[in-house]
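Peer 1: Contents of run_31.pdb (PDB, C-alpha atoms and all ligand atoms):
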```pdb
ATOM      1  CA  MET A  18     -27.787 -23.417  42.609
ATOM      2  CA  SER A  19     -24.029 -23.829  42.966
ATOM      3  CA  GLY A  20     -21.076 -24.747  40.781
ATOM      4  CA  ARG A  21     -22.126 -22.425  37.937
ATOM      5  CA  LEU A  22     -18.565 -21.082  37.847
ATOM      6  CA  SER A  23     -16.644 -24.220  38.701
ATOM      7  CA  GLY A  24     -13.418 -24.392  36.710
ATOM      8  CA  LYS A  25     -13.447 -20.622  36.106
ATOM      9  CA  ARG A  26     -10.231 -18.750  36.885
ATOM     10  CA  VAL A  27     -11.282 -15.172  37.486
ATOM     11  CA  LEU A  28      -9.310 -11.956  37.739
ATOM     12  CA  LEU A  29     -11.609  -9.496  39.565
ATOM     13  CA  THR A  30     -10.657  -5.861  40.181
ATOM     14  CA  GLY A  31     -12.052  -3.910  43.130
ATOM     15  CA  GLY A  32     -13.234  -7.084  44.851
ATOM     16  CA  VAL A  33     -12.598  -6.081  48.469
ATOM     17  CA  ALA A  34     -15.664  -3.909  49.290
ATOM     18  CA  ASN A  35     -19.280  -3.160  48.393
ATOM     19  CA  ILE A  36     -20.281  -4.293  44.872
ATOM     20  CA  GLY A  37     -16.920  -5.981  44.196
ATOM     21  CA  LEU A  38     -17.092  -7.898  47.476
ATOM     22  CA  ALA A  39     -20.640  -9.067  46.650
ATOM     23  CA  ILE A  40     -19.340 -10.269  43.269
ATOM     24  CA  LEU A  41     -16.465 -12.070  44.994
ATOM     25  CA  GLU A  42     -18.813 -13.773  47.480
ATOM     26  CA  ALA A  43     -21.123 -14.906  44.667
ATOM     27  CA  PHE A  44     -18.221 -16.138  42.516
ATOM     28  CA  VAL A  45     -16.689 -18.183  45.333
ATOM     29  CA  ALA A  46     -20.133 -19.621  46.200
ATOM     30  CA  GLU A  47     -20.479 -20.720  42.559
ATOM     31  CA  GLY A  48     -17.117 -22.517  42.587
ATOM     32  CA  ALA A  49     -14.697 -20.042  40.967
ATOM     33  CA  VAL A  50     -11.088 -19.429  41.943
ATOM     34  CA  VAL A  51     -10.495 -15.675  42.107
ATOM     35  CA  SER A  52      -7.500 -13.346  41.989
ATOM     36  CA  VAL A  53      -8.643 -10.052  43.517
ATOM     37  CA  VAL A  54      -6.740  -6.991  42.332
ATOM     38  CA  ASP A  55      -7.182  -3.823  44.396
ATOM     39  CA  ILE A  56      -5.228  -0.895  45.804
ATOM     40  CA  ASP A  57      -6.535  -1.468  49.359
ATOM     41  CA  ALA A  58      -4.067  -3.901  50.957
ATOM     42  CA  ALA A  59      -5.773  -4.063  54.380
ATOM     43  CA  LYS A  60      -9.154  -5.093  52.966
ATOM     44  CA  GLY A  61      -7.347  -7.347  50.494
ATOM     45  CA  ALA A  62      -5.679  -9.229  53.351
ATOM     46  CA  ASP A  63      -9.119  -9.672  54.971
ATOM     47  CA  VAL A  64     -10.692 -11.267  51.884
ATOM     48  CA  GLU A  65      -7.708 -13.550  51.329
ATOM     49  CA  LYS A  66      -7.953 -14.714  54.936
ATOM     50  CA  ARG A  67     -11.734 -15.154  54.754
ATOM     51  CA  PHE A  68     -11.779 -17.284  51.592
ATOM     52  CA  GLY A  69      -8.738 -19.455  52.275
ATOM     53  CA  GLY A  70      -7.141 -21.071  49.206
ATOM     54  CA  ARG A  71      -9.910 -19.993  46.796
ATOM     55  CA  VAL A  72      -8.910 -16.320  46.697
ATOM     56  CA  LYS A  73      -5.574 -14.598  46.246
ATOM     57  CA  PHE A  74      -5.182 -10.871  46.850
ATOM     58  CA  ILE A  75      -2.869  -8.920  44.548
ATOM     59  CA  LYS A  76      -2.147  -5.304  45.418
ATOM     60  CA  ALA A  77      -2.062  -2.984  42.419
ATOM     61  CA  ASP A  78      -2.842   0.589  41.494
ATOM     62  CA  ILE A  79      -4.674   0.089  38.213
ATOM     63  CA  SER A  80      -3.886   3.618  37.061
ATOM     64  CA  ARG A  81      -0.330   2.275  36.558
ATOM     65  CA  GLU A  82       0.354   0.141  33.491
ATOM     66  CA  GLU A  83       3.238  -1.710  35.156
ATOM     67  CA  ASP A  84       1.000  -2.664  38.107
ATOM     68  CA  ILE A  85      -1.607  -4.096  35.734
ATOM     69  CA  LYS A  86       0.972  -6.158  33.850
ATOM     70  CA  ALA A  87       2.446  -7.496  37.096
ATOM     71  CA  ALA A  88      -1.030  -8.319  38.492
ATOM     72  CA  ILE A  89      -1.995 -10.269  35.368
ATOM     73  CA  GLY A  90       1.272 -12.218  35.482
ATOM     74  CA  GLU A  91       0.804 -13.025  39.178
ATOM     75  CA  ALA A  92      -2.850 -14.025  38.739
ATOM     76  CA  ALA A  93      -2.133 -16.231  35.701
ATOM     77  CA  ALA A  94       0.751 -17.954  37.498
ATOM     78  CA  TRP A  95      -1.377 -18.644  40.614
ATOM     79  CA  MET A  96      -4.507 -19.820  38.777
ATOM     80  CA  LYS A  97      -2.628 -21.474  35.880
ATOM     81  CA  GLY A  98      -4.316 -19.159  33.395
ATOM     82  CA  ILE A  99      -7.199 -16.679  33.294
ATOM     83  CA  SER A 100     -10.637 -17.615  31.906
ATOM     84  CA  THR A 101     -12.604 -14.631  33.126
ATOM     85  CA  LEU A 102     -11.830 -10.947  33.505
ATOM     86  CA  CYS A 103     -14.169  -8.892  35.726
ATOM     87  CA  LEU A 104     -13.182  -5.236  35.657
ATOM     88  CA  ASN A 105     -15.217  -3.724  38.482
ATOM     89  CA  ALA A 106     -12.851  -1.209  40.168
ATOM     90  CA  GLY A 107     -13.680   2.421  39.561
ATOM     91  CA  VAL A 108     -13.769   5.916  41.031
ATOM     92  CA  GLN A 109     -16.251   8.758  40.965
ATOM     93  CA  LEU A 110     -15.366  12.441  41.163
ATOM     94  CA  SER A 111     -18.138  14.975  40.909
ATOM     95  CA  GLY A 112     -18.322  18.714  40.226
ATOM     96  CA  LYS A 113     -19.453  21.357  37.800
ATOM     97  CA  VAL A 114     -17.636  21.301  34.494
ATOM     98  CA  ASP A 115     -16.429  24.899  35.111
ATOM     99  CA  ASP A 116     -14.414  23.801  38.139
ATOM    100  CA  PHE A 117     -13.365  20.286  37.146
ATOM    101  CA  SER A 118      -9.570  20.026  36.859
ATOM    102  CA  THR A 119      -7.759  18.319  34.011
ATOM    103  CA  SER A 120      -5.808  16.218  36.513
ATOM    104  CA  ASN A 121      -9.059  14.900  38.045
ATOM    105  CA  TRP A 122     -10.400  14.153  34.563
ATOM    106  CA  ASP A 123      -7.218  12.207  33.766
ATOM    107  CA  LYS A 124      -7.368  10.357  37.105
ATOM    108  CA  VAL A 125     -10.929   9.145  36.508
ATOM    109  CA  PHE A 126     -10.190   8.117  32.938
ATOM    110  CA  SER A 127      -6.969   6.298  33.853
ATOM    111  CA  ILE A 128      -8.814   4.146  36.432
ATOM    112  CA  ASN A 129     -12.254   3.782  34.810
ATOM    113  CA  VAL A 130     -11.275   3.506  31.138
ATOM    114  CA  ARG A 131      -7.560   3.206  30.347
ATOM    115  CA  SER A 132      -7.058   0.352  32.834
ATOM    116  CA  ASN A 133      -9.778  -1.692  31.090
ATOM    117  CA  PHE A 134      -7.975  -1.376  27.767
ATOM    118  CA  ILE A 135      -4.639  -2.429  29.303
ATOM    119  CA  PHE A 136      -6.203  -5.331  31.245
ATOM    120  CA  VAL A 137      -7.923  -6.662  28.133
ATOM    121  CA  ARG A 138      -4.874  -6.292  25.889
ATOM    122  CA  GLU A 139      -2.507  -7.908  28.390
ATOM    123  CA  ALA A 140      -4.834 -10.755  29.449
ATOM    124  CA  LEU A 141      -5.919 -11.714  25.925
ATOM    125  CA  LYS A 142      -3.357 -14.448  25.423
ATOM    126  CA  TYR A 143      -4.664 -16.252  28.528
ATOM    127  CA  LEU A 144      -8.331 -15.670  27.641
ATOM    128  CA  ARG A 145      -7.902 -16.961  24.067
ATOM    129  CA  GLU A 146      -6.213 -20.114  25.399
ATOM    130  CA  THR A 147      -9.336 -21.101  27.352
ATOM    131  CA  GLY A 148     -11.641 -21.297  24.293
ATOM    132  CA  ASN A 149     -14.742 -19.959  26.128
ATOM    133  CA  ALA A 150     -13.624 -16.878  28.021
ATOM    134  CA  SER A 151     -15.717 -14.012  29.318
ATOM    135  CA  ILE A 152     -14.886 -10.392  30.023
ATOM    136  CA  VAL A 153     -17.342  -8.391  32.151
ATOM    137  CA  MET A 154     -16.735  -4.673  32.552
ATOM    138  CA  MET A 155     -18.406  -2.408  35.097
ATOM    139  CA  SER A 156     -20.064   0.527  33.418
ATOM    140  CA  SER A 157     -23.008   2.434  34.916
ATOM    141  CA  LEU A 158     -26.420   3.855  34.186
ATOM    142  CA  ALA A 159     -24.369   7.070  34.026
ATOM    143  CA  GLY A 160     -22.743   5.652  30.889
ATOM    144  CA  LYS A 161     -26.158   5.554  29.173
ATOM    145  CA  ARG A 162     -27.658   8.829  30.395
ATOM    146  CA  GLY A 163     -26.077  11.950  31.821
ATOM    147  CA  GLY A 164     -26.400  13.590  35.200
ATOM    148  CA  ALA A 165     -25.520  17.098  36.356
ATOM    149  CA  GLY A 166     -22.219  17.028  38.231
ATOM    150  CA  LEU A 167     -21.246  13.772  36.566
ATOM    151  CA  THR A 168     -19.709  14.966  33.289
ATOM    152  CA  CYS A 169     -16.401  13.172  33.769
ATOM    153  CA  TYR A 170     -17.749  10.023  35.453
ATOM    154  CA  SER A 171     -20.546   9.700  32.911
ATOM    155  CA  ALA A 172     -18.145  10.161  29.984
ATOM    156  CA  SER A 173     -15.824   7.523  31.459
ATOM    157  CA  LYS A 174     -18.619   4.958  31.837
ATOM    158  CA  ALA A 175     -19.923   5.706  28.315
ATOM    159  CA  ALA A 176     -16.380   5.015  27.098
ATOM    160  CA  VAL A 177     -16.495   1.634  28.865
ATOM    161  CA  ILE A 178     -19.624   0.749  26.861
ATOM    162  CA  GLY A 179     -17.972   1.823  23.606
ATOM    163  CA  PHE A 180     -14.883  -0.202  24.397
ATOM    164  CA  THR A 181     -16.965  -3.221  25.446
ATOM    165  CA  THR A 182     -19.050  -3.399  22.285
ATOM    166  CA  SER A 183     -16.119  -2.810  19.915
ATOM    167  CA  VAL A 184     -13.757  -5.291  21.552
ATOM    168  CA  ALA A 185     -16.612  -7.827  21.737
ATOM    169  CA  LEU A 186     -17.020  -7.645  17.967
ATOM    170  CA  GLU A 187     -13.271  -7.967  17.462
ATOM    171  CA  LEU A 188     -13.071 -11.060  19.684
ATOM    172  CA  ALA A 189     -16.356 -12.706  18.702
ATOM    173  CA  ARG A 190     -14.651 -15.498  16.751
ATOM    174  CA  ASP A 191     -11.898 -15.990  19.327
ATOM    175  CA  GLY A 192     -14.002 -17.665  22.020
ATOM    176  CA  VAL A 193     -14.043 -14.489  24.119
ATOM    177  CA  ARG A 194     -17.373 -12.826  24.969
ATOM    178  CA  VAL A 195     -17.388  -9.250  26.265
ATOM    179  CA  ASN A 196     -20.254  -7.520  28.081
ATOM    180  CA  ALA A 197     -20.818  -4.556  30.389
ATOM    181  CA  VAL A 198     -23.010  -4.137  33.462
ATOM    182  CA  CYS A 199     -24.718  -0.789  34.101
ATOM    183  CA  PRO A 200     -26.030  -0.430  37.669
ATOM    184  CA  GLY A 201     -28.214   2.480  38.672
ATOM    185  CA  TRP A 202     -28.349   3.815  42.242
ATOM    186  CA  ILE A 203     -26.667   1.173  44.395
ATOM    187  CA  ASP A 204     -26.463   2.105  48.064
ATOM    188  CA  THR A 205     -22.695   2.276  48.755
ATOM    189  CA  PRO A 206     -20.393   5.103  49.953
ATOM    190  CA  PHE A 207     -19.135   5.339  46.358
ATOM    191  CA  ASN A 208     -21.874   7.860  45.487
ATOM    192  CA  GLN A 209     -20.879  10.403  48.159
ATOM    193  CA  PRO A 210     -19.348  12.863  45.636
ATOM    194  CA  VAL A 211     -22.579  13.192  43.637
ATOM    195  CA  ILE A 212     -24.714  13.116  46.811
ATOM    196  CA  ASP A 213     -22.716  16.121  48.046
ATOM    197  CA  PHE A 214     -23.156  17.761  44.651
ATOM    198  CA  ILE A 215     -26.958  17.478  44.699
ATOM    199  CA  GLY A 216     -27.245  18.758  48.281
ATOM    200  CA  GLY A 217     -26.711  15.887  50.697
ATOM    201  CA  LYS A 218     -28.140  12.542  51.806
ATOM    202  CA  GLU A 219     -31.611  13.873  52.692
ATOM    203  CA  LYS A 220     -32.016  15.419  49.272
ATOM    204  CA  GLN A 221     -30.923  12.166  47.636
ATOM    205  CA  GLU A 222     -33.385  10.134  49.732
ATOM    206  CA  SER A 223     -36.197  12.490  48.763
ATOM    207  CA  LEU A 224     -35.442  11.867  45.076
ATOM    208  CA  VAL A 225     -35.427   8.063  45.323
ATOM    209  CA  PRO A 226     -39.232   7.452  45.170
ATOM    210  CA  THR A 227     -39.716   9.737  42.176
ATOM    211  CA  VAL A 228     -36.614   8.759  40.185
ATOM    212  CA  ILE A 229     -36.521   4.978  40.704
ATOM    213  CA  PRO A 230     -39.606   3.055  39.487
ATOM    214  CA  LEU A 231     -39.005   0.242  42.020
ATOM    215  CA  GLY A 232     -38.983   2.955  44.713
ATOM    216  CA  ARG A 233     -35.669   2.156  46.372
ATOM    217  CA  GLN A 234     -31.928   1.968  45.779
ATOM    218  CA  GLY A 235     -30.350  -1.366  44.850
ATOM    219  CA  THR A 236     -27.913  -3.421  46.906
ATOM    220  CA  PRO A 237     -24.536  -4.876  45.856
ATOM    221  CA  GLN A 238     -26.146  -8.337  46.193
ATOM    222  CA  GLU A 239     -28.639  -7.361  43.476
ATOM    223  CA  VAL A 240     -25.826  -6.532  41.026
ATOM    224  CA  ALA A 241     -23.611  -9.579  41.631
ATOM    225  CA  PRO A 242     -25.964 -12.191  40.016
ATOM    226  CA  LEU A 243     -25.645 -10.451  36.643
ATOM    227  CA  PHE A 244     -21.861 -10.810  36.893
ATOM    228  CA  VAL A 245     -22.285 -14.509  37.711
ATOM    229  CA  TYR A 246     -24.541 -14.999  34.694
ATOM    230  CA  LEU A 247     -22.227 -13.134  32.293
ATOM    231  CA  ALA A 248     -19.135 -14.919  33.635
ATOM    232  CA  SER A 249     -20.776 -18.330  33.365
ATOM    233  CA  ASP A 250     -21.384 -20.498  30.302
ATOM    234  CA  GLU A 251     -25.134 -19.871  30.752
ATOM    235  CA  SER A 252     -24.582 -16.646  28.795
ATOM    236  CA  SER A 253     -22.778 -18.415  25.934
ATOM    237  CA  TYR A 254     -24.891 -16.583  23.292
ATOM    238  CA  VAL A 255     -24.604 -13.132  24.904
ATOM    239  CA  THR A 256     -21.890 -10.719  23.798
ATOM    240  CA  ALA A 257     -21.454  -6.991  23.009
ATOM    241  CA  GLN A 258     -24.213  -6.004  25.481
ATOM    242  CA  ALA A 259     -24.416  -3.300  28.132
ATOM    243  CA  ILE A 260     -27.068  -4.575  30.546
ATOM    244  CA  THR A 261     -28.780  -2.260  33.007
ATOM    245  CA  VAL A 262     -29.660  -3.210  36.606
ATOM    246  CA  ASP A 263     -31.314  -0.072  37.933
ATOM    247  CA  GLY A 264     -34.823  -0.673  39.279
ATOM    248  CA  GLY A 265     -36.394   0.420  35.988
ATOM    249  CA  ILE A 266     -34.942   3.917  35.474
ATOM    250  CA  TYR A 267     -33.567   3.261  31.992
ATOM    251  CA  ASN A 268     -36.330   2.071  29.725
TER     252      ASN A 268
HETATM  253  N1  LIG B   1     -22.465   2.353  43.793
HETATM  254  C1  LIG B   1     -23.150   2.655  42.697
HETATM  255  O1  LIG B   1     -24.256   3.248  42.765
HETATM  256  C2  LIG B   1     -22.621   2.307  41.344
HETATM  257  C3  LIG B   1     -23.473   2.484  40.237
HETATM  258  C4  LIG B   1     -23.005   2.173  38.978
HETATM  259  C5  LIG B   1     -21.727   1.687  38.803
HETATM  260  N2  LIG B   1     -20.925   1.536  39.887
HETATM  261  C6  LIG B   1     -19.583   1.039  39.649
HETATM  262  O2  LIG B   1     -19.357  -0.124  40.423
HETATM  263  C7  LIG B   1     -17.961  -0.225  40.753
HETATM  264  C8  LIG B   1     -17.815  -0.503  42.237
HETATM  265  O3  LIG B   1     -18.490   0.489  42.940
HETATM  266  P1  LIG B   1     -18.740   0.431  44.541
HETATM  267  O4  LIG B   1     -19.983   1.161  44.793
HETATM  268  O5  LIG B   1     -18.571  -0.954  45.027
HETATM  269  O6  LIG B   1     -17.540   1.377  45.027
HETATM  270  P2  LIG B   1     -16.228   1.088  45.937
HETATM  271  O7  LIG B   1     -15.533   2.402  46.054
HETATM  272  O8  LIG B   1     -16.595   0.381  47.181
HETATM  273  O9  LIG B   1     -15.383   0.099  45.034
HETATM  274  C9  LIG B   1     -14.351   0.498  44.191
HETATM  275  C10 LIG B   1     -13.178  -0.426  44.388
HETATM  276  O10 LIG B   1     -12.166  -0.047  43.438
HETATM  277  C11 LIG B   1     -10.922   0.019  44.127
HETATM  278  N3  LIG B   1     -10.032   0.987  43.470
HETATM  279  C12 LIG B   1     -10.232   2.323  43.341
HETATM  280  N4  LIG B   1      -9.167   2.885  42.737
HETATM  281  C13 LIG B   1      -8.287   1.889  42.459
HETATM  282  C14 LIG B   1      -7.007   1.831  41.855
HETATM  283  N5  LIG B   1      -6.410   2.948  41.386
HETATM  284  N6  LIG B   1      -6.390   0.638  41.737
HETATM  285  C15 LIG B   1      -6.985  -0.498  42.210
HETATM  286  N7  LIG B   1      -8.186  -0.507  42.801
HETATM  287  C16 LIG B   1      -8.846   0.673  42.930
HETATM  288  C17 LIG B   1     -11.286   0.468  45.540
HETATM  289  O11 LIG B   1     -10.255   0.186  46.484
HETATM  290  C18 LIG B   1     -12.567  -0.317  45.789
HETATM  291  O12 LIG B   1     -12.312  -1.600  46.317
HETATM  292  C19 LIG B   1     -17.324   1.067  40.239
HETATM  293  O13 LIG B   1     -16.702   0.834  38.988
HETATM  294  C20 LIG B   1     -18.499   1.997  40.046
HETATM  295  O14 LIG B   1     -18.258   2.957  39.034
HETATM  296  C21 LIG B   1     -21.342   1.834  41.154
END
```
How does the structure come out when it is put into structure tokens?
Ligand SMILES: NC(=O)c1ccc[n+]([C@@H]2O[C@H](COP(=O)([O-])OP(=O)(O)OC[C@H]3O[C@@H](n4cnc5c(N)ncnc54)[C@H](O)[C@@H]3O)[C@@H](O)[C@H]2O)c1

Peer 2:
Amino acid sequence: MSGRLSGKRVLLTGGVANIGLAILEAFVAEGAVVSVVDIDAAKGADVEKRFGGRVKFIKADISREEDIKAAIGEAAAWMKGISTLCLNAGVQLSGKVDDFSTSNWDKVFSINVRSNFIFVREALKYLRETGNASIVMMSSLAGKRGGAGLTCYSASKAAVIGFTTSVALELARDGVRVNAVCPGWIDTPFNQPVIDFIGGKEKQESLVPTVIPLGRQGTPQEVAPLFVYLASDESSYVTAQAITVDGGIYN
């Protein structure tokens, strides 16, 4: 199938690598125009070059409010509006609660949670204008159930779910749907902090068959289709949901 996102003007954060890049590839294949917002300028230049006129890269540090405002302005000017907000960028820091610093806690929350609030607030005028807008936020299985070493990350992703459901209810009559995606163990370098915490790659691999009912980790390409569905008009009756894609762990 193709063209499921034709006419959509998407602002996607973290779209230069791993899960975000898989989302970008799927969105472009389905006909969307995408403004990719990320802190990594080198990878950003690569995606802009690869996708020609369909993708614009905008460098921003989403822990900074002024960067978010500037990125939204630039994206809306380039795409002549914003119909779809996909807030995928995030960070993970791991460690025992005894040793976890307040500055690391604040860093994770500013990127994983606070940025979502600022993006939504600042992009709302564009989203409302479109009449059938969609916001998709990246949460995590860790936002639904805890994990040792993940106190801060897990709390941040639970906050994303709380924000998603509440803002969805607020915007339900405004033509703006809001949903969250909660992946489980997706095989990207992102999980290195918690892999180190539990004792290394071998230990993690030994846990996979017992922890994951499908018996393996997921791939970024297995997460992206849920973003396509939630961004498209096929999900026109779906809002205020936090949907898990985790090989059956959460049930
Ligand atoms: N990999 C997993 O197992 C997994 C599971 C559940 C949820 N997630 C979530 O999926 C998302 C993407 O994860 P990934 O595995 O692709 O990791 P990743 O590290 O490859 O992607 C994160 C992206 O966010 C960008 N980013 C980080 N800090 C930023 C900042 N301050 N400003 C702008 N951009 C910034 C990075 O440059 C990168 O492109 C994250 O939100 C993560 O929490 C991942």

Peer 1: For the file shown, what are the residues hit by the PyMOL selection byres (((chain A and resi 80) around 7) and not hetatm), laid out as a list in words?

Peer 2: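 That expression, the PyMOL selection byres (((chain A and resi 80) around 7) and not hetatm), corresponds here to Asp78, Ile79, Arg81, Glu82, Ser127, Ile128 and Ser132 of chain A.
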
Peer 1: Taking 3 positions as the minimum chain separation for residues in the same chain, which residues sit within 9 Å of A:Ala197 when counting all atoms listed in the file? Answer as a ChimeraX atom specification.

Peer 2: /A:152-157,177-178,181-182,247,257-261

Peer 1: Around (-9.9, -17.9, 40.4), as given in the file, which residues come within 12 Å? Count only C-alpha atoms and list them as a ChimeraX atom specification.

Peer 2: /A:22-29,41,44-54,65,68,70-74,91-103,248

Peer 1: Let me know the residues the PyMOL selection byres (((chain A and resi 200) around 6) and not hetatm) catches in the file above, as an MDAnalysis selection string.

Peer 2: chainID A and resid 157:158 199 201 261:263

Peer 1: Step by step, work through what the PyMOL selection byres (((chain A and resi 56) around 7) and not hetatm) selects in the shown file, and finish by giving those residues as a ChimeraX atom specification.

Peer 2: /A:55,57-58,76-78

Peer 1: Any idea what the distance is between atom CA of A:Pro210 and atom C14 of ligand LIG 1 (chain B)?

Peer 2: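 Atom C14 of ligand LIG 1 (chain B) lies at a distance of 17.0 Å from atom CA of A:Pro210.
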
Peer 1: Please compute the atom CA of A:Ser151-atom CA of A:Val193 distance, one decimal, in Å.

Peer 2: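 According to the coordinates, atom CA of A:Ser151 and atom CA of A:Val193 are separated by 5.5 Å.
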
Peer 1: Just need the box for ligand LIG 1 (chain B), edges along x, y and z, holding every atom the file lists for it with 4 Å tacked onto each side, so centre and edge lengths in Å to one decimal, as lines of an AutoDock Vina configuration file.

Peer 2:
```
center_x = -15.3
center_y = 0.8
center_z = 43.0
size_x = 25.9
size_y = 12.8
size_z = 16.4
```

Peer 1: So how far away is atom C2 of ligand LIG 1 (chain B) from atom CA of A:Ile203, in Å?

Peer 2: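 Separation between atom CA of A:Ile203 and atom C2 of ligand LIG 1 (chain B): 5.2 Å.
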
Peer 1: Would you mind telling me which residue in A:Gly112, A:Gly216, A:Gly264, A:Gly20 lies nearest to ligand LIG 1 (chain B) when using only C-alpha atoms and all ligand atoms?

Peer 2: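 Checking each candidate against ligand LIG 1 (chain B), we get A:Gly264 as the closest.
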
Peer 1: Would you mind telling me which residue in A:Ser249, A:Asn268, A:Asn196, A:Thr30 lies nearest to ligand LIG 1 (chain B) when using only C-alpha atoms and all ligand atoms?

Peer 2: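 The answer is A:Thr30, which sits nearest to ligand LIG 1 (chain B).
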
Peer 1: Pick the closest to ligand LIG 1 (chain B) from A:Tyr170, A:Phe136, A:Tyr254, A:Phe180: which is it, counting all atoms listed in the file?

Peer 2: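 Under the stated criterion, the closest residue is A:Tyr170.
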
Peer 1: Please provide as a PDB file with C-alpha atoms, in the coordinates of the input all residues within 7 Å of A:Ile229, with the sequence filter that same-chain residues fewer than 3 positions apart are discarded (counting all atoms listed in the file).

Peer 2:
```pdb
ATOM      1  CA  VAL A 225     -35.427   8.063  45.323  1.00  0.00           C
ATOM      2  CA  PRO A 226     -39.232   7.452  45.170  1.00  0.00           C
ATOM      3  CA  GLY A 232     -38.983   2.955  44.713  1.00  0.00           C
ATOM      4  CA  ARG A 233     -35.669   2.156  46.372  1.00  0.00           C
ATOM      5  CA  GLY A 264     -34.823  -0.673  39.279  1.00  0.00           C
ATOM      6  CA  GLY A 265     -36.394   0.420  35.988  1.00  0.00           C
ATOM      7  CA  ILE A 266     -34.942   3.917  35.474  1.00  0.00           C
TER       8      ILE A 266
END
```

Peer 1: Hey, what's within 12 Å of A:Ala39 if we count only C-alpha atoms and toss same-chain stuff fewer than 3 positions away? As a PyMOL selection string, please?

Peer 2: chain A and resi 29+31-36+42-46+64+105+205+236-245

Peer 1: Counting all atoms listed in the file, which residue out of A:Val114, A:Leu104, A:Leu141, A:Cys169 sits closest to ligand LIG 1 (chain B)?

Peer 2: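 That would be A:Leu104, the residue with the smallest distance to ligand LIG 1 (chain B).
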
Peer 1: Copy stretch 92-141 of chain A out of the block into a file, keeping C-alpha atoms, as a CSV table (one decimal), in the first residue's frame.

Peer 2:
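Output (decode.csv):
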```csv
chain,number,residue,atom,x,y,z
A,92,ALA,CA,8.7,23.5,9.8
A,93,ALA,CA,5.4,25.3,9.5
A,94,ALA,CA,6.9,27.8,7.1
A,95,TRP,CA,8.4,25.1,4.9
A,96,MET,CA,5.4,22.7,4.9
A,97,LYS,CA,2.8,25.5,4.9
A,98,GLY,CA,1.4,24.2,8.2
A,99,ILE,CA,1.7,21.1,10.4
A,100,SER,CA,-0.9,18.3,10.3
A,101,THR,CA,1.0,15.7,12.3
A,102,LEU,CA,3.3,15.8,15.2
A,103,CYS,CA,5.4,12.7,15.9
A,104,LEU,CA,7.5,13.2,19.1
A,105,ASN,CA,9.9,10.3,18.9
A,106,ALA,CA,13.2,11.7,20.2
A,107,GLY,CA,14.3,10.6,23.7
A,108,VAL,CA,17.1,9.6,25.9
A,109,GLN,CA,17.8,6.9,28.4
A,110,LEU,CA,20.0,7.1,31.5
A,111,SER,CA,20.2,4.2,33.8
A,112,GLY,CA,21.4,3.7,37.4
A,113,LYS,CA,20.4,2.8,40.9
A,114,VAL,CA,18.2,5.4,42.5
A,115,ASP,CA,20.8,5.9,45.3
A,116,ASP,CA,23.3,7.2,42.8
A,117,PHE,CA,21.1,9.0,40.3
A,118,SER,CA,21.8,12.7,40.2
A,119,THR,CA,19.2,15.4,40.1
A,120,SER,CA,20.8,16.9,37.0
A,121,ASN,CA,20.5,13.6,35.2
A,122,TRP,CA,16.8,13.3,36.3
A,123,ASP,CA,16.2,16.9,35.0
A,124,LYS,CA,18.0,16.1,31.7
A,125,VAL,CA,15.8,13.0,31.0
A,126,PHE,CA,12.6,14.8,31.9
A,127,SER,CA,13.4,17.9,29.9
A,128,ILE,CA,14.0,15.8,26.7
A,129,ASN,CA,11.4,13.0,27.3
A,130,VAL,CA,8.6,14.9,28.9
A,131,ARG,CA,8.9,18.7,29.0
A,132,SER,CA,9.7,18.9,25.3
A,133,ASN,CA,6.4,17.1,24.4
A,134,PHE,CA,4.4,19.6,26.4
A,135,ILE,CA,6.1,22.6,24.6
A,136,PHE,CA,5.8,21.0,21.2
A,137,VAL,CA,2.1,20.3,21.6
A,138,ARG,CA,1.4,23.8,23.1
A,139,GLU,CA,3.3,25.6,20.4
A,140,ALA,CA,2.1,23.5,17.4
A,141,LEU,CA,-1.6,23.5,18.4
```
